[in-house]
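Please read the structure below before turning to the comments.
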Amino acid sequence: MLPLGLLLLLVLLTGARLLWGQWGLRSPRLPPLAPGFLHLRQPGLPIYLLTLTQKLGPIYRLRLGLQDVVVLNSRRSIEEAMVKKREDFAGRPQNPSYRMMPHISEDLALGDYSPLWKAHKKLTRSALLLSMRNSAEVLVEQLAQEFCERMRAQAGAPVDIQEGFSLLTCSIICYLTFGVKEDSLSHAFHSSVQDLMKTWDHWSIQIVDIFPFLRFFPIPGFRRLKQAMENRERLVERQLRKHKKSMVAGQWRDLMDYMLQGIGERREERGLGHLHEGHVHMSVVDLFIGGTETTSLTLSWTVLFLLHHPEIQQRLQEEVDGELGPSASGSGIPYKDRARLPLLNATIAEVLRLRPVVPLALPHCATRSSSILGYDIPKGTVIIPNLQGAHLDASVWEQPHEFRPDRFLDPDASPNSLAFGCGPRVCLGESLARLELFVVLVKLLQAFTLLPAEGTLPSLQPQPHCCTNLKMEPFQVRLQPRVRGPQA
């Protein structure tokens, strides 16, 4: 009886295989598959992925561990997927490292696409827009001025300006979110963000996302990631408790007040669930994770490019001086009048083009079967938008690898940057980040001339192995005061 059962099972399996083979003959037209499976270990990964387009075209598949992913390397392919077919590709793959995160279902950055996710995004966007209208610009001006005063105390000596930028951007998020200007709180959140990002980018976490079965083994990185997330949880929960005790209905002191009161106004609809404190918690986490290192790295990349291009730095200073005068008196240009500094805006755009700080974005996932550039994309396919690769497309950009801010002086001559993404998953903090970049750079260029430490130019090449963010090698800069402002 047993051999007969085994024979029947063999027949069934053979038949299933034949049916699968017949389906394969009628299978969808998938993007071409790049040979090999160690692509993630390639140095300069976004540039490496761009080079594969020479043989495979702007869209192709890669084998990463046990799954195939589709890589988009051109502006056209990215915009077709993320803008024209936004509903089809707005999902997020639920990687093992994501699933171990508390409140992952309430997270904006990593949570999957759903009607509740859209309501959560709308609430967080409204809170950010309110802060942009009410207090953000004044706050950024004040903290940027204080930053320059601290830098002036170290004038002439080599300084690690990256660390200063990172603490500055974290302090801005902290003040906007919690309504208090408290150095100890800013330092606590800054330390938490640094610890979390460093742990998240560790190879042991990345490899488990590629080979999920490894999560059943004792992975040291998982233990450190859990500890970092627990510390982050305690910090956010403490602020939630404080705000719930002290807030007054109808009055919004900060982003957290607005969101806490906002979740009370949303009602459960059609059985889809409702917004609750977990969503506010994760909005705060996303603001710190997404709004600290990204903006500080863009500021640092700008300093690096200006060290290598002193002629651009001089032109920028002349532009700022022409509007404000050559002093560090604390005067500024309202952000709504930023068009008065066209070269500065062009320089920011060029830095974002060459060094988008999240060069491969965060992975997307097809919510339904669809297509991109004529290729069929099955439901559940992981999509990687190579933003840096699209920014270096020679068919779009003249001399794409060259630092040429003037290309953006004519708004009709160059397309907009994709550095903040596009479509439903576009960065919610883009407006705040652009405000910070403009204000901080105006203050910095007005107060200092940027010089290399000991006459040695630091490298413009990113760190070879790609993490979430596109990081530079550590460097120092000398800040030479230009003209002192009036003494108090």
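Following the order of the structure tokens, first chain is A, next is B, and so on, with residues numbered from 1 inside each chain and ligands from 1 in the order they appear.
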With only C-alpha atoms counted and 12 Å as the cut-off, give the residues of region 61-136 of chain A in contact with region 361-380 of chain A, each with its shortest interatomic distance in Å and the pair that gives it, as a Markdown table.
```
| residue | atom | partner | partner_atom | distance |
| --- | --- | --- | --- | --- |
| A:Arg61 | CA | A:Ile377 | CA | 10.4 |
| A:Gln67 | CA | A:Gly380 | CA | 10.8 |
| A:Asp68 | CA | A:Gly380 | CA | 10.6 |
| A:Val69 | CA | A:Pro363 | CA | 9.3 |
| A:Val70 | CA | A:Ile377 | CA | 8.5 |
| A:Val71 | CA | A:Pro363 | CA | 9.6 |
| A:Leu72 | CA | A:Ile372 | CA | 9.2 |
| A:Asn73 | CA | A:Leu373 | CA | 11.8 |
| A:Ser74 | CA | A:Leu373 | CA | 10.6 |
| A:Arg75 | CA | A:Leu373 | CA | 11.5 |
| A:Arg76 | CA | A:Leu373 | CA | 8.4 |
| A:Ser77 | CA | A:Leu373 | CA | 6.4 |
| A:Ile78 | CA | A:Ile372 | CA | 8.7 |
| A:Glu79 | CA | A:Ile372 | CA | 9.7 |
| A:Glu80 | CA | A:Ile372 | CA | 6.6 |
| A:Ala81 | CA | A:Ile372 | CA | 6.3 |
| A:Met82 | CA | A:His364 | CA | 9.1 |
| A:Val83 | CA | A:Ile372 | CA | 11.5 |
| A:Lys84 | CA | A:Ile372 | CA | 10.0 |
| A:Lys85 | CA | A:Ser370 | CA | 8.4 |
| A:Arg86 | CA | A:Ala366 | CA | 9.7 |
| A:Glu87 | CA | A:Thr367 | CA | 7.3 |
| A:Asp88 | CA | A:Thr367 | CA | 5.2 |
| A:Phe89 | CA | A:Ala366 | CA | 4.4 |
| A:Ala90 | CA | A:His364 | CA | 6.2 |
| A:Gly91 | CA | A:Cys365 | CA | 4.5 |
| A:Arg92 | CA | A:His364 | CA | 4.8 |
| A:Pro93 | CA | A:Cys365 | CA | 5.4 |
| A:Gln94 | CA | A:Cys365 | CA | 9.1 |
| A:Asn95 | CA | A:Pro363 | CA | 10.0 |
| A:Tyr98 | CA | A:Pro363 | CA | 11.8 |
| A:Leu108 | CA | A:Leu362 | CA | 11.9 |
| A:Ala109 | CA | A:Leu362 | CA | 8.3 |
| A:Leu110 | CA | A:Leu362 | CA | 8.3 |
| A:Gly111 | CA | A:His364 | CA | 10.7 |
| A:Asp112 | CA | A:Cys365 | CA | 8.7 |
| A:Tyr113 | CA | A:Thr367 | CA | 8.0 |
| A:Ser114 | CA | A:Thr367 | CA | 9.8 |
```
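Closest to Pro405 (chain A) among A:Phe288, A:Phe305, A:Phe178, A:Trp200 is A:Phe305, based on only C-alpha atoms.
In this model, the gap between CA of His281 (chain A) and CA of Thr124 (chain A) comes to 11.1 Å.
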Practice item. Check region 395-488 of chain A with DSSP on the backbone and list each residue it calls strand (DSSP E or B), as a ChimeraX atom specification. Key: /A:448-452,462,472,477-481
Include C-alpha atoms and write out the residues we just selected as a PDB file, in the first residue's frame.
```pdb
ATOM      1  CA  PHE A 448      32.833  81.540   7.490  1.00  0.00           C
ATOM      2  CA  THR A 449      35.078  80.581   4.639  1.00  0.00           C
ATOM      3  CA  LEU A 450      35.372  76.794   4.495  1.00  0.00           C
ATOM      4  CA  LEU A 451      38.948  75.520   4.244  1.00  0.00           C
ATOM      5  CA  PRO A 452      40.415  72.009   4.223  1.00  0.00           C
ATOM      6  CA  PRO A 462      31.294  57.815  -0.555  1.00  0.00           C
ATOM      7  CA  MET A 472      31.334  60.119   3.275  1.00  0.00           C
ATOM      8  CA  VAL A 477      37.175  71.343   8.027  1.00  0.00           C
ATOM      9  CA  ARG A 478      38.596  74.677   9.170  1.00  0.00           C
ATOM     10  CA  LEU A 479      36.111  77.515   9.556  1.00  0.00           C
ATOM     11  CA  GLN A 480      37.789  80.847   8.933  1.00  0.00           C
ATOM     12  CA  PRO A 481      35.627  83.723  10.237  1.00  0.00           C
TER      13      PRO A 481
END
```
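With only C-alpha atoms taken into account, the protein and nucleic acid residues at most 10 Å from Gln313 (chain A) (excluding it and anything under 4 positions from it in its own chain) are Val303, Phe305, Leu306, Leu307, His308, His309, Gln317, Glu318, Glu319, Leu344, Thr347, Leu445, Thr449 and Leu450 of chain A.
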Same residues, C-alpha atoms, output as a JSON list (two decimals), in the first residue's frame:
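Just written: again_3.json:
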```json
[["chain", "number", "residue", "atom", "x", "y", "z"],
["A", 303, "VAL", "CA", 30.68, 71.40, 2.65],
["A", 305, "PHE", "CA", 31.91, 69.86, -2.53],
["A", 306, "LEU", "CA", 32.61, 73.49, -1.64],
["A", 307, "LEU", "CA", 36.03, 72.51, -0.28],
["A", 308, "HIS", "CA", 36.78, 70.99, -3.67],
["A", 309, "HIS", "CA", 35.26, 73.92, -5.56],
["A", 317, "GLN", "CA", 29.45, 84.20, -0.62],
["A", 318, "GLU", "CA", 29.23, 87.06, -3.09],
["A", 319, "GLU", "CA", 25.58, 86.19, -3.71],
["A", 344, "LEU", "CA", 22.57, 78.59, -3.50],
["A", 347, "THR", "CA", 24.04, 74.21, -5.41],
["A", 445, "LEU", "CA", 28.52, 81.04, 4.18],
["A", 449, "THR", "CA", 35.08, 80.58, 4.64],
["A", 450, "LEU", "CA", 35.37, 76.79, 4.49]]
```
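Taking only C-alpha atoms into account, Leu460 (chain A) lies nearest to A:Arg355 out of the set A:Arg355, A:Lys245, A:Arg434, A:Arg404.
Every protein or nucleic acid residue with an atom no more than 8 Å from Ser135 (chain A), counting only C-alpha atoms and leaving out same-chain residues fewer than 4 positions away, appears here: A:Ser131, A:Leu139, A:Leu176.
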Could you tell me, as a list in words, which residues of region 24-69 of chain A DSSP assigns to alpha helix (DSSP H) when given the backbone? Gly24, Leu25, Leu45, Pro46, Ile47, Tyr48, Leu49, Leu50, Thr51, Thr53, Gln54, Lys55 and Leu56 of chain A
Could you save those same residues with C-alpha atoms as a PDB file, in the first residue's frame?
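File again30.pdb, as written:
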```pdb
ATOM      1  CA  GLY A  24       6.374  28.888 -17.776  1.00  0.00           C
ATOM      2  CA  LEU A  25       5.993  28.836 -21.567  1.00  0.00           C
ATOM      3  CA  LEU A  45      26.592  49.649  -4.976  1.00  0.00           C
ATOM      4  CA  PRO A  46      24.357  52.322  -6.629  1.00  0.00           C
ATOM      5  CA  ILE A  47      27.048  53.042  -9.257  1.00  0.00           C
ATOM      6  CA  TYR A  48      27.647  49.324  -9.763  1.00  0.00           C
ATOM      7  CA  LEU A  49      23.921  48.794 -10.334  1.00  0.00           C
ATOM      8  CA  LEU A  50      23.977  51.611 -12.885  1.00  0.00           C
ATOM      9  CA  THR A  51      26.813  49.931 -14.818  1.00  0.00           C
ATOM     10  CA  THR A  53      22.253  48.852 -17.366  1.00  0.00           C
ATOM     11  CA  GLN A  54      24.813  48.855 -20.191  1.00  0.00           C
ATOM     12  CA  LYS A  55      23.979  45.180 -20.856  1.00  0.00           C
ATOM     13  CA  LEU A  56      20.583  44.741 -19.249  1.00  0.00           C
TER      14      LEU A  56
END
```
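In terms of minimum interatomic distance to His279 (chain A), A:Ala119 ranks closest within A:Leu225, A:Ala119, A:Leu185, A:Leu196, counting only C-alpha atoms.
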